[in-house]
>>> print(open('run17.txt').read())   # compact mmCIF, C-alpha atoms
# COMPACT_ATOMS: atom_id res chain seq x y z
CA MET A 4 0.00 0.00 0.00
CA ARG A 5 2.89 2.37 0.73
CA SER A 6 4.25 1.85 -2.79
CA ILE A 7 0.84 2.84 -4.15
CA LEU A 8 0.95 5.97 -2.00
CA GLU A 9 4.37 6.86 -3.40
CA ASN A 10 3.03 6.39 -6.94
CA LEU A 11 0.11 8.69 -6.15
CA LYS A 12 2.53 11.39 -5.05
CA SER A 13 4.76 11.06 -8.10
CA THR A 14 4.53 13.51 -10.98
CA ASP A 15 3.94 10.76 -13.55
CA ILE A 16 0.85 11.31 -15.67
CA LYS A 17 -1.90 8.95 -14.46
CA ASP A 18 -4.49 7.21 -16.65
CA VAL A 19 -7.85 8.11 -15.12
CA ILE A 20 -11.52 7.18 -15.41
CA LEU A 21 -13.85 9.70 -13.75
CA ASP A 22 -17.12 8.36 -12.32
CA THR A 23 -19.37 11.33 -11.52
CA ASP A 24 -22.95 12.29 -10.60
CA CYS A 25 -22.28 15.54 -12.42
CA TYR A 26 -25.73 17.14 -12.01
CA ASN A 27 -26.20 16.29 -8.35
CA GLU A 28 -24.74 19.53 -7.02
CA ILE A 29 -22.18 22.12 -8.19
CA ASP A 30 -18.91 20.44 -7.25
CA ASP A 31 -18.62 17.71 -9.89
CA GLN A 32 -18.59 20.37 -12.59
CA PHE A 33 -15.52 21.97 -11.05
CA ALA A 34 -13.83 18.58 -10.65
CA LEU A 35 -14.41 17.53 -14.26
CA ALA A 36 -13.17 20.86 -15.62
CA TYR A 37 -10.16 20.72 -13.30
CA LEU A 38 -9.16 17.26 -14.47
CA MET A 39 -9.53 18.28 -18.10
CA ARG A 40 -7.24 21.25 -17.44
CA SER A 41 -4.63 19.12 -15.64
CA GLY A 42 -3.08 17.25 -18.53
CA ASP A 43 0.31 17.66 -16.88
CA ARG A 44 -0.82 15.17 -14.23
CA VAL A 45 -3.85 13.34 -15.62
CA ASN A 46 -4.73 11.53 -18.84
CA LEU A 47 -8.53 11.49 -18.67
CA LEU A 48 -9.46 8.30 -20.53
CA SER A 49 -13.24 8.46 -20.12
CA VAL A 50 -16.07 9.73 -17.95
CA ASN A 51 -18.92 7.67 -16.48
CA ALA A 52 -22.26 9.10 -15.38
CA ALA A 53 -23.22 7.92 -11.89
CA PRO A 54 -26.77 7.66 -10.49
CA PHE A 55 -28.13 9.92 -7.78
CA LEU A 56 -31.48 10.59 -6.14
CA ASN A 57 -32.36 13.86 -4.43
CA LYS A 58 -34.49 16.93 -5.10
CA ARG A 59 -32.70 17.44 -8.41
CA SER A 60 -33.82 14.07 -9.81
CA THR A 61 -36.94 11.92 -9.86
CA SER A 62 -35.06 8.59 -9.69
CA ALA A 63 -31.53 7.23 -9.64
CA GLY A 64 -31.78 6.70 -13.39
CA ASP A 65 -33.03 10.23 -13.98
CA GLY A 66 -30.11 11.55 -11.93
CA MET A 67 -27.71 9.48 -14.01
CA GLU A 68 -29.21 10.77 -17.27
CA LYS A 69 -29.03 14.39 -16.10
CA SER A 70 -25.43 13.81 -15.08
CA TYR A 71 -24.68 12.31 -18.48
CA ASN A 72 -25.94 15.46 -20.18
CA GLU A 73 -24.14 17.76 -17.73
CA ILE A 74 -20.84 16.01 -18.47
CA PHE A 75 -21.11 17.00 -22.12
CA ARG A 76 -22.07 20.56 -21.17
CA ILE A 77 -18.95 21.00 -19.05
CA MET A 78 -16.69 19.31 -21.59
CA LYS A 79 -17.78 21.69 -24.34
CA LEU A 80 -17.25 24.69 -22.07
CA VAL A 81 -13.72 23.52 -21.35
CA ASP A 82 -12.88 22.49 -24.90
CA LYS A 83 -15.31 22.68 -27.82
CA ASN A 84 -13.28 19.95 -29.53
CA ALA A 85 -13.21 17.62 -26.54
CA ASP A 86 -13.41 13.99 -27.61
CA ILE A 87 -13.37 12.09 -24.33
CA PRO A 88 -15.70 9.06 -24.30
CA VAL A 89 -18.70 9.34 -21.94
CA TYR A 90 -20.72 6.36 -20.71
CA ARG A 91 -24.14 6.03 -19.14
CA GLY A 92 -24.07 4.43 -15.71
CA SER A 93 -26.41 2.46 -13.50
CA ARG A 94 -30.09 3.32 -13.47
CA GLU A 95 -30.53 2.01 -9.93
CA PHE A 96 -28.40 1.33 -6.87
CA MET A 97 -27.19 -2.10 -5.82
CA LYS A 98 -29.71 -4.09 -3.80
CA ASP A 99 -27.30 -6.92 -2.99
CA LYS A 100 -23.52 -6.66 -2.78
CA ASN A 101 -23.22 -9.90 -4.72
CA VAL A 102 -25.39 -8.75 -7.63
CA PRO A 103 -24.03 -6.11 -10.03
CA VAL A 104 -26.13 -3.47 -11.76
CA GLU A 105 -25.51 -3.69 -15.49
CA SER A 106 -24.40 -0.52 -17.28
CA GLU A 107 -22.15 0.83 -20.02
CA ALA A 108 -20.10 2.50 -17.28
CA ALA A 109 -19.36 -0.74 -15.40
CA ASP A 110 -18.34 -2.43 -18.64
CA ASN A 111 -16.18 0.58 -19.54
CA ILE A 112 -14.31 0.21 -16.25
CA ILE A 113 -13.74 -3.51 -16.82
CA ASN A 114 -12.67 -3.14 -20.45
CA THR A 115 -10.37 -0.19 -19.79
CA VAL A 116 -8.65 -1.73 -16.78
CA MET A 117 -8.25 -5.23 -18.19
CA ASN A 118 -6.92 -4.00 -21.56
CA SER A 119 -4.44 -1.52 -20.10
CA GLU A 120 -0.76 -2.24 -19.58
CA LYS A 121 -0.64 0.55 -16.99
CA THR A 122 -2.42 1.07 -13.70
CA VAL A 123 -5.82 2.70 -14.22
CA TYR A 124 -6.93 5.14 -11.54
CA ILE A 125 -10.69 5.40 -10.99
CA ILE A 126 -11.82 8.67 -9.43
CA ALA A 127 -15.34 8.19 -8.06
CA ILE A 128 -17.20 11.26 -6.83
CA GLY A 129 -20.73 9.93 -6.57
CA ALA A 130 -22.55 6.80 -5.51
CA ILE A 131 -20.14 3.91 -6.00
CA THR A 132 -22.60 1.70 -7.93
CA ASN A 133 -20.78 1.65 -11.28
CA VAL A 134 -17.43 0.80 -9.71
CA ALA A 135 -18.79 -1.79 -7.28
CA SER A 136 -20.73 -3.47 -10.08
CA ALA A 137 -17.59 -3.65 -12.21
CA ILE A 138 -15.73 -5.28 -9.30
CA VAL A 139 -18.45 -7.86 -8.73
CA LYS A 140 -18.56 -8.68 -12.44
CA CYS A 141 -14.77 -8.83 -12.80
CA PRO A 142 -12.85 -9.08 -9.51
CA GLU A 143 -9.58 -9.18 -11.47
CA ILE A 144 -9.70 -5.41 -11.90
CA CYS A 145 -8.77 -5.08 -8.22
CA LYS A 146 -5.23 -6.12 -9.15
CA LYS A 147 -4.86 -3.58 -11.96
CA ALA A 148 -6.70 -0.48 -10.75
CA VAL A 149 -6.58 2.03 -7.90
CA LEU A 150 -9.79 3.62 -6.61
CA ILE A 151 -10.03 7.13 -5.21
CA TRP A 152 -13.46 7.68 -3.67
CA LEU A 153 -14.94 10.76 -2.10
CA GLY A 154 -17.46 9.04 0.15
CA GLY A 155 -18.41 8.51 3.76
CA HIS A 156 -17.53 10.72 6.70
CA ALA A 157 -14.38 10.82 8.81
CA LEU A 158 -13.67 7.75 10.88
CA HIS A 159 -14.23 9.68 14.11
CA TRP A 160 -17.66 10.89 12.96
CA GLN A 161 -20.80 9.62 14.69
CA ASP A 162 -21.95 7.81 11.54
CA THR A 163 -21.10 7.62 7.87
CA LYS A 164 -24.49 8.65 6.47
CA GLU A 165 -22.88 10.74 3.77
CA PHE A 166 -24.78 11.22 0.49
CA ASN A 167 -22.52 9.19 -1.80
CA LEU A 168 -22.20 6.28 0.63
CA ARG A 169 -25.71 6.05 2.03
CA GLN A 170 -27.29 5.88 -1.43
CA ASP A 171 -25.60 2.54 -2.07
CA ILE A 172 -24.49 0.81 1.13
CA PRO A 173 -24.01 -2.60 -0.59
CA GLY A 174 -21.78 -0.92 -3.16
CA ALA A 175 -19.74 0.72 -0.40
CA GLN A 176 -19.35 -2.65 1.31
CA VAL A 177 -18.00 -4.09 -1.94
CA VAL A 178 -15.24 -1.50 -2.36
CA PHE A 179 -14.22 -1.54 1.31
CA ASP A 180 -14.15 -5.36 1.45
CA CYS A 181 -12.78 -6.43 -1.93
CA GLY A 182 -9.12 -5.46 -1.48
CA ILE A 183 -8.84 -3.00 -4.36
CA PRO A 184 -6.21 -0.35 -3.52
CA LEU A 185 -8.45 2.35 -2.09
CA VAL A 186 -8.01 6.00 -1.20
CA GLN A 187 -10.88 7.43 0.83
CA ILE A 188 -11.54 11.15 1.05
CA PRO A 189 -14.09 11.55 3.87
CA CYS A 190 -16.65 14.35 3.77
CA PHE A 191 -17.64 15.73 7.20
CA GLY A 192 -14.56 16.02 9.36
CA VAL A 193 -12.04 16.23 6.50
CA CYS A 194 -13.26 17.50 3.13
CA SER A 195 -15.69 19.86 4.86
CA GLU A 196 -12.70 22.24 5.25
CA PHE A 197 -12.65 22.82 1.49
CA ILE A 198 -14.95 25.85 1.44
CA THR A 199 -15.25 28.85 -0.83
CA THR A 200 -17.68 31.76 -1.18
CA VAL A 201 -19.48 33.46 -4.03
CA PRO A 202 -17.42 36.68 -3.61
CA GLU A 203 -14.20 34.64 -3.86
CA LEU A 204 -15.41 32.85 -6.99
CA ARG A 205 -16.49 36.12 -8.56
CA TYR A 206 -13.13 37.72 -7.81
CA TYR A 207 -11.06 34.94 -9.35
CA LEU A 208 -13.32 33.51 -12.06
CA GLU A 209 -16.14 35.83 -13.13
CA GLY A 210 -15.69 37.24 -16.62
CA LYS A 211 -12.67 35.07 -17.44
CA ASN A 212 -14.46 32.79 -19.92
CA GLU A 213 -17.76 31.03 -20.56
CA LEU A 214 -16.83 28.07 -18.35
CA CYS A 215 -16.00 30.26 -15.35
CA ASP A 216 -19.18 32.29 -15.74
CA TYR A 217 -21.21 29.08 -15.79
CA LEU A 218 -19.53 27.76 -12.65
CA VAL A 219 -19.97 31.03 -10.77
CA ASP A 220 -23.61 31.14 -11.83
CA ILE A 221 -24.51 27.64 -10.62
CA VAL A 222 -22.87 28.28 -7.26
CA SER A 223 -24.58 31.67 -6.92
CA LYS A 224 -27.97 30.07 -7.53
CA TYR A 225 -27.40 27.14 -5.16
CA SER A 226 -28.42 28.97 -1.98
CA THR A 227 -31.61 30.96 -1.41
CA LYS A 228 -29.98 32.69 1.60
CA PRO A 229 -26.58 33.81 0.32
CA PHE A 230 -25.73 36.32 3.08
CA GLY A 231 -22.63 35.08 4.90
CA TRP A 232 -22.91 31.79 2.99
CA SER A 233 -20.04 29.49 2.05
CA LYS A 234 -19.95 26.28 0.04
CA VAL A 235 -17.82 23.14 0.12
CA VAL A 236 -16.75 22.20 -3.40
CA TRP A 237 -16.23 18.62 -2.26
CA ASP A 238 -15.26 16.74 -5.40
CA VAL A 239 -12.30 18.88 -6.41
CA THR A 240 -10.34 17.24 -3.58
CA ALA A 241 -10.50 13.87 -5.34
CA ALA A 242 -8.77 15.39 -8.36
CA ALA A 243 -6.24 17.01 -6.02
CA VAL A 244 -4.95 13.53 -5.11
CA PHE A 245 -3.06 13.87 -8.41
CA THR A 246 -2.86 17.61 -9.03
CA LYS A 247 -1.80 18.73 -5.53
CA PRO A 248 -0.95 15.62 -3.47
CA GLU A 249 1.23 17.74 -1.18
CA ALA A 250 -1.96 19.47 0.04
CA LEU A 251 -3.43 16.21 1.36
CA ASP A 252 -2.37 14.37 4.49
CA PHE A 253 -2.41 10.63 3.70
CA VAL A 254 -2.16 7.80 6.21
CA VAL A 255 -2.15 4.01 5.70
CA ILE A 256 -4.50 2.26 8.14
CA PRO A 257 -6.76 -0.84 8.33
CA THR A 258 -9.87 -0.60 6.19
CA PRO A 259 -13.05 0.03 8.18
CA ILE A 260 -16.16 -2.14 7.87
CA VAL A 261 -19.31 -0.44 6.56
CA THR A 262 -22.28 -1.77 8.54
CA PRO A 263 -25.82 -2.10 7.13
CA ASP A 264 -26.98 0.82 9.28
CA CYS A 265 -24.35 3.07 7.66
CA ARG A 266 -21.75 3.19 10.41
CA TYR A 267 -18.15 2.10 10.70
CA ALA A 268 -16.90 -0.95 12.59
CA PHE A 269 -13.22 -1.62 13.10
CA ASP A 270 -10.99 -4.67 12.97
CA PRO A 271 -7.22 -4.05 13.16
CA ALA A 272 -6.59 -7.29 11.26
CA ARG A 273 -8.30 -5.97 8.13
CA HIS A 274 -6.39 -5.15 4.94
CA HIS A 275 -4.99 -1.62 4.74
CA TYR A 276 -6.05 1.36 2.66
CA ILE A 277 -5.10 5.02 2.25
CA TYR A 278 -7.11 7.50 4.29
CA VAL A 279 -7.00 11.27 3.81
CA ARG A 280 -7.15 12.87 7.25
CA ARG A 281 -6.58 16.53 6.41
CA ILE A 282 -6.81 18.87 3.43
CA LYS A 283 -5.05 22.20 2.89
CA ARG A 284 -7.55 24.22 0.89
CA ASP A 285 -5.44 27.18 -0.27
CA PRO A 286 -2.95 25.49 -2.65
CA ILE A 287 -5.72 23.45 -4.24
CA TYR A 288 -7.94 26.48 -4.87
CA ALA A 289 -4.96 28.44 -6.21
CA ASP A 290 -4.27 25.69 -8.77
CA LEU A 291 -7.96 25.26 -9.57
CA PHE A 292 -8.63 28.97 -10.14
CA THR A 293 -5.51 29.38 -12.28
CA LYS A 294 -6.40 26.47 -14.54
CA LEU A 295 -10.08 27.36 -14.94
CA ALA A 296 -9.38 31.03 -15.60
CA SER A 297 -6.89 30.11 -18.33
CA VAL A 298 -9.47 28.33 -20.51
CA GLY A 299 -9.53 30.09 -23.86
CA GLY A 300 -6.29 31.91 -23.19
CA GLY A 301 -7.44 33.88 -20.16
CA LYS A 302 -5.45 34.28 -16.97
CA LEU A 303 -5.79 35.54 -13.41
>>> encode(input="run17.txt", output="C-alpha cells")
Amino acid sequence: MRSILENLKSTDIKDVILDTDCYNEIDDQFALAYLMRSGDRVNLLSVNAAPFLNKRSTSAGDGMEKSYNEIFRIMKLVDKNADIPVYRGSREFMKDKNVPVESEAADNIINTVMNSEKTVYIIAIGAITNVASAIVKCPEICKKAVLIWLGGHALHWQDTKEFNLRQDIPGAQVVFDCGIPLVQIPCFGVCSEFITTVPELRYYLEGKNELCDYLVDIVSKYSTKPFGWSKVVWDVTAAAVFTKPEALDFVVIPTPIVTPDCRYAFDPARHHYIYVRRIKRDPIYADLFTKLASVGGGKL
C-alpha cells in the first residue's frame, strides 16, 4: 500500500476514469473541468455518469441521465473539440452486494482496466454503484486499478451517512471489502474544510471565460440565503490527489467495515487502505482557479 501511496505522489501522468454524478450539485462540474485542465498530471481516458437521487432528480436513473448530459455541457465549455468518451451508468443502486447493476459504465471500467498495460486510476465522486458493479462482475480489476473515492464521513464521525455512501451501502461494502487499492476522502470532518464563497469565486473567475461564468452562476444560484454563505466544493479534492498531493495528508491504516446501518466498525486485522485525514484548501484552490481562468487563453 505504501508503494501505491508513493506512486500517487509522483509527478507521472496517471491514466484516469472519472465516475461522476455531475448534475447532483455544483462540485462535480468543477472537478471535471479541473481534471480536463490538468493534462500535466492526468490523462482522462473516459467519464462515467453515476446515479443519484435527491431533489434534483426523480429517480436514480433520472439523476444518471441528467449527469450524463451535464458532463457533455462541461466538456464543451472547457474544450469545444473535446473527444473524451462518456458512458451512461447504473439506473438504480445495488440491492445486494453480490449482484451487479448492469451498465455501459461498469463495462467501460472492466474493459479499460483489463486491456491496459498501466495502472488505471478510478476517481469516483458519486454513488459507487458503477465501480462496485464492475468489481463484482470482474474481480480481477482489483489487481490492476486504484480507486479514489470521495465518500463517507471521517472515521471519528458519529456515523457515515454521507450522500454518496448512504445511497448505495451494498456498493460501499463491496469497495471496502474487496481489497482494491483504495483512497478514501471523507466528507464531514475532512473534506468539509474545502470551502469557498461566491465573492471569492467572482473575484477569481467571473468574466474570465464562458466556463467560469457558468460555474460562478450555478454556485450563486445554489443557496436561497446567500448572506454570509459558504460552500464546500467537495469533489475537487478527489482530483487534487493527483494535481496537488502535497496538500493532502495521507495515512495508511486498516480498512473500516461499513455496517448495514451506515456506520463504521473496526478490525485491526483488516487489509490496509489510504485515508486522507486533512486537506489544505489554499494550494488546491490556487491551482484550480488558475487552470479554470486560463481556458480560452485567459489568466488571473
>>> residues_around(input="run17.txt", residues="range 60-71 of chain A", least_positions_apart="4", cutoff="10 Å", atoms="all atoms listed in the file", output="MDAnalysis selection string")
chainID A and resid 23:28 31:32 50:56 75:76 89:96 130 170
>>> closest_residue(input="run17.txt", among="A:Arg40, A:Arg281, A:Lys58, A:Arg273", to="Cys181 in chain A", atoms="all atoms listed in the file")
A:Arg273
>>> atom_distance(input="run17.txt", atom1="CA of Thr262 in chain A", atom2="CA of Ala157 in chain A")
14.9 Å
>>> atom_distance(input="run17.txt", atom1="CA of Ile7 in chain A", atom2="CA of Tyr278 in chain A")
12.5 Å
>>> residues_around(input="run17.txt", residues="Val244 in chain A", least_positions_apart="6", cutoff="8 Å", atoms="only C-alpha atoms", output="ChimeraX atom specification")
/A:11-12,251
>>> closest_residue(input="run17.txt", among="A:Val134, A:Ala268, A:His274, A:Leu35", to="Val255 in chain A", atoms="only C-alpha atoms")
A:His274
>>> atom_distance(input="run17.txt", atom1="CA of His159 in chain A", atom2="CA of Pro173 in chain A")
21.5 Å
>>> closest_residue(input="run17.txt", among="A:Lys121, A:Gly299, A:Tyr267, A:Tyr288", to="Glu196 in chain A", atoms="all atoms listed in the file")
A:Tyr288
>>> closest_residue(input="run17.txt", among="A:Ile126, A:Leu47, A:Val279, A:Ile198", to="Pro248 in chain A", atoms="only C-alpha atoms")
A:Val279
>>> residues_around(input="run17.txt", residues="range 210-219 of chain A", least_positions_apart="2", cutoff="7 Å", atoms="all atoms listed in the file", output="VMD selection string")
chain A and resid 80 to 81 204 to 205 208 221 to 223 295 to 296 298 to 299 301
>>> closest_residue(input="run17.txt", among="A:Ala289, A:Ile113, A:Val45, A:Ala34", to="Lys146 in chain A", atoms="all atoms listed in the file")
A:Ile113
>>> residues_near_point(input="run17.txt", point="(-28.1, 4.2, 10.0)", cutoff="12 Å", atoms="only C-alpha atoms", output="list in words")
Gln161, Asp162, Thr163, Lys164, Glu165, Leu168, Arg169, Gln170, Ile172, Val261, Thr262, Pro263, Asp264, Cys265, Arg266 and Tyr267 of chain A
>>> closest_residue(input="run17.txt", among="A:Asn114, A:Thr200, A:Asn167, A:Ser195", to="Ser226 in chain A", atoms="all atoms listed in the file")
A:Thr200
>>> residues_near_point(input="run17.txt", point="(0.5, 5.1, -1.5)", cutoff="10 Å", atoms="only C-alpha atoms", output="PyMOL selection string")
chain A and resi 4-13+184-186+253-255+276-278
>>> decode(input="run17.txt", residues="range 104-142 of chain A", atoms="N, CA and C atoms", output="compact mmCIF listing (two decimals), in the first residue's frame")
# COMPACT_ATOMS: atom_id res chain seq x y z
N VAL A 104 -25.16 -4.18 -10.94
CA VAL A 104 -26.13 -3.47 -11.76
C VAL A 104 -25.48 -3.26 -13.13
N GLU A 105 -26.09 -3.77 -14.16
CA GLU A 105 -25.51 -3.69 -15.49
C GLU A 105 -25.54 -2.25 -16.01
N SER A 106 -24.45 -1.85 -16.67
CA SER A 106 -24.40 -0.52 -17.28
C SER A 106 -23.22 -0.43 -18.23
N GLU A 107 -23.29 0.54 -19.14
CA GLU A 107 -22.15 0.83 -20.02
C GLU A 107 -20.94 1.23 -19.18
N ALA A 108 -21.19 1.98 -18.11
CA ALA A 108 -20.10 2.50 -17.28
C ALA A 108 -19.32 1.37 -16.62
N ALA A 109 -20.04 0.39 -16.04
CA ALA A 109 -19.36 -0.74 -15.40
C ALA A 109 -18.52 -1.50 -16.42
N ASP A 110 -19.09 -1.71 -17.59
CA ASP A 110 -18.34 -2.43 -18.64
C ASP A 110 -17.15 -1.60 -19.11
N ASN A 111 -17.30 -0.28 -19.16
CA ASN A 111 -16.18 0.58 -19.54
C ASN A 111 -15.03 0.44 -18.55
N ILE A 112 -15.35 0.38 -17.26
CA ILE A 112 -14.31 0.21 -16.25
C ILE A 112 -13.58 -1.12 -16.46
N ILE A 113 -14.34 -2.18 -16.64
CA ILE A 113 -13.74 -3.51 -16.82
C ILE A 113 -12.86 -3.54 -18.06
N ASN A 114 -13.41 -3.07 -19.18
CA ASN A 114 -12.67 -3.14 -20.45
C ASN A 114 -11.41 -2.28 -20.41
N THR A 115 -11.53 -1.10 -19.84
CA THR A 115 -10.37 -0.19 -19.79
C THR A 115 -9.28 -0.76 -18.91
N VAL A 116 -9.65 -1.22 -17.73
CA VAL A 116 -8.65 -1.73 -16.78
C VAL A 116 -7.99 -3.00 -17.31
N MET A 117 -8.80 -3.94 -17.79
CA MET A 117 -8.25 -5.23 -18.19
C MET A 117 -7.43 -5.15 -19.48
N ASN A 118 -7.67 -4.14 -20.30
CA ASN A 118 -6.92 -4.00 -21.56
C ASN A 118 -5.76 -3.02 -21.46
N SER A 119 -5.52 -2.49 -20.27
CA SER A 119 -4.44 -1.52 -20.10
C SER A 119 -3.18 -2.20 -19.59
N GLU A 120 -2.04 -1.75 -20.08
CA GLU A 120 -0.76 -2.24 -19.58
C GLU A 120 -0.29 -1.42 -18.40
N LYS A 121 -0.98 -0.32 -18.11
CA LYS A 121 -0.64 0.55 -16.99
C LYS A 121 -1.72 0.48 -15.92
N THR A 122 -1.42 0.96 -14.74
CA THR A 122 -2.42 1.07 -13.70
C THR A 122 -3.46 2.10 -14.12
N VAL A 123 -4.73 1.76 -13.96
CA VAL A 123 -5.82 2.70 -14.22
C VAL A 123 -6.35 3.20 -12.88
N TYR A 124 -6.44 4.51 -12.76
CA TYR A 124 -6.93 5.14 -11.54
C TYR A 124 -8.38 5.55 -11.75
N ILE A 125 -9.26 5.07 -10.90
CA ILE A 125 -10.69 5.40 -10.99
C ILE A 125 -10.98 6.45 -9.92
N ILE A 126 -11.40 7.62 -10.36
CA ILE A 126 -11.82 8.67 -9.43
C ILE A 126 -13.34 8.64 -9.37
N ALA A 127 -13.89 8.28 -8.23
CA ALA A 127 -15.34 8.19 -8.06
C ALA A 127 -15.80 9.30 -7.13
N ILE A 128 -16.73 10.11 -7.61
CA ILE A 128 -17.20 11.26 -6.83
C ILE A 128 -18.73 11.28 -6.74
N GLY A 129 -19.29 10.09 -6.73
CA GLY A 129 -20.73 9.93 -6.57
C GLY A 129 -21.00 8.60 -5.88
N ALA A 130 -22.24 8.15 -5.98
CA ALA A 130 -22.55 6.80 -5.51
C ALA A 130 -21.63 5.81 -6.22
N ILE A 131 -21.20 4.79 -5.52
CA ILE A 131 -20.14 3.91 -6.00
C ILE A 131 -20.67 2.74 -6.83
N THR A 132 -21.92 2.82 -7.26
CA THR A 132 -22.60 1.70 -7.93
C THR A 132 -21.86 1.19 -9.16
N ASN A 133 -21.45 2.08 -10.05
CA ASN A 133 -20.78 1.65 -11.28
C ASN A 133 -19.50 0.89 -10.97
N VAL A 134 -18.72 1.42 -10.05
CA VAL A 134 -17.43 0.80 -9.71
C VAL A 134 -17.64 -0.53 -9.00
N ALA A 135 -18.52 -0.56 -8.02
CA ALA A 135 -18.79 -1.79 -7.28
C ALA A 135 -19.32 -2.88 -8.21
N SER A 136 -20.19 -2.50 -9.13
CA SER A 136 -20.73 -3.47 -10.08
C SER A 136 -19.64 -4.04 -10.97
N ALA A 137 -18.71 -3.18 -11.40
CA ALA A 137 -17.59 -3.65 -12.21
C ALA A 137 -16.74 -4.65 -11.43
N ILE A 138 -16.53 -4.38 -10.14
CA ILE A 138 -15.73 -5.28 -9.30
C ILE A 138 -16.42 -6.63 -9.13
N VAL A 139 -17.72 -6.61 -8.90
CA VAL A 139 -18.45 -7.86 -8.73
C VAL A 139 -18.43 -8.68 -10.02
N LYS A 140 -18.57 -7.99 -11.15
CA LYS A 140 -18.56 -8.68 -12.44
C LYS A 140 -17.17 -9.22 -12.79
N CYS A 141 -16.13 -8.47 -12.41
CA CYS A 141 -14.77 -8.83 -12.80
C CYS A 141 -13.80 -8.50 -11.67
N PRO A 142 -13.71 -9.36 -10.67
CA PRO A 142 -12.85 -9.08 -9.51
C PRO A 142 -11.39 -8.86 -9.87
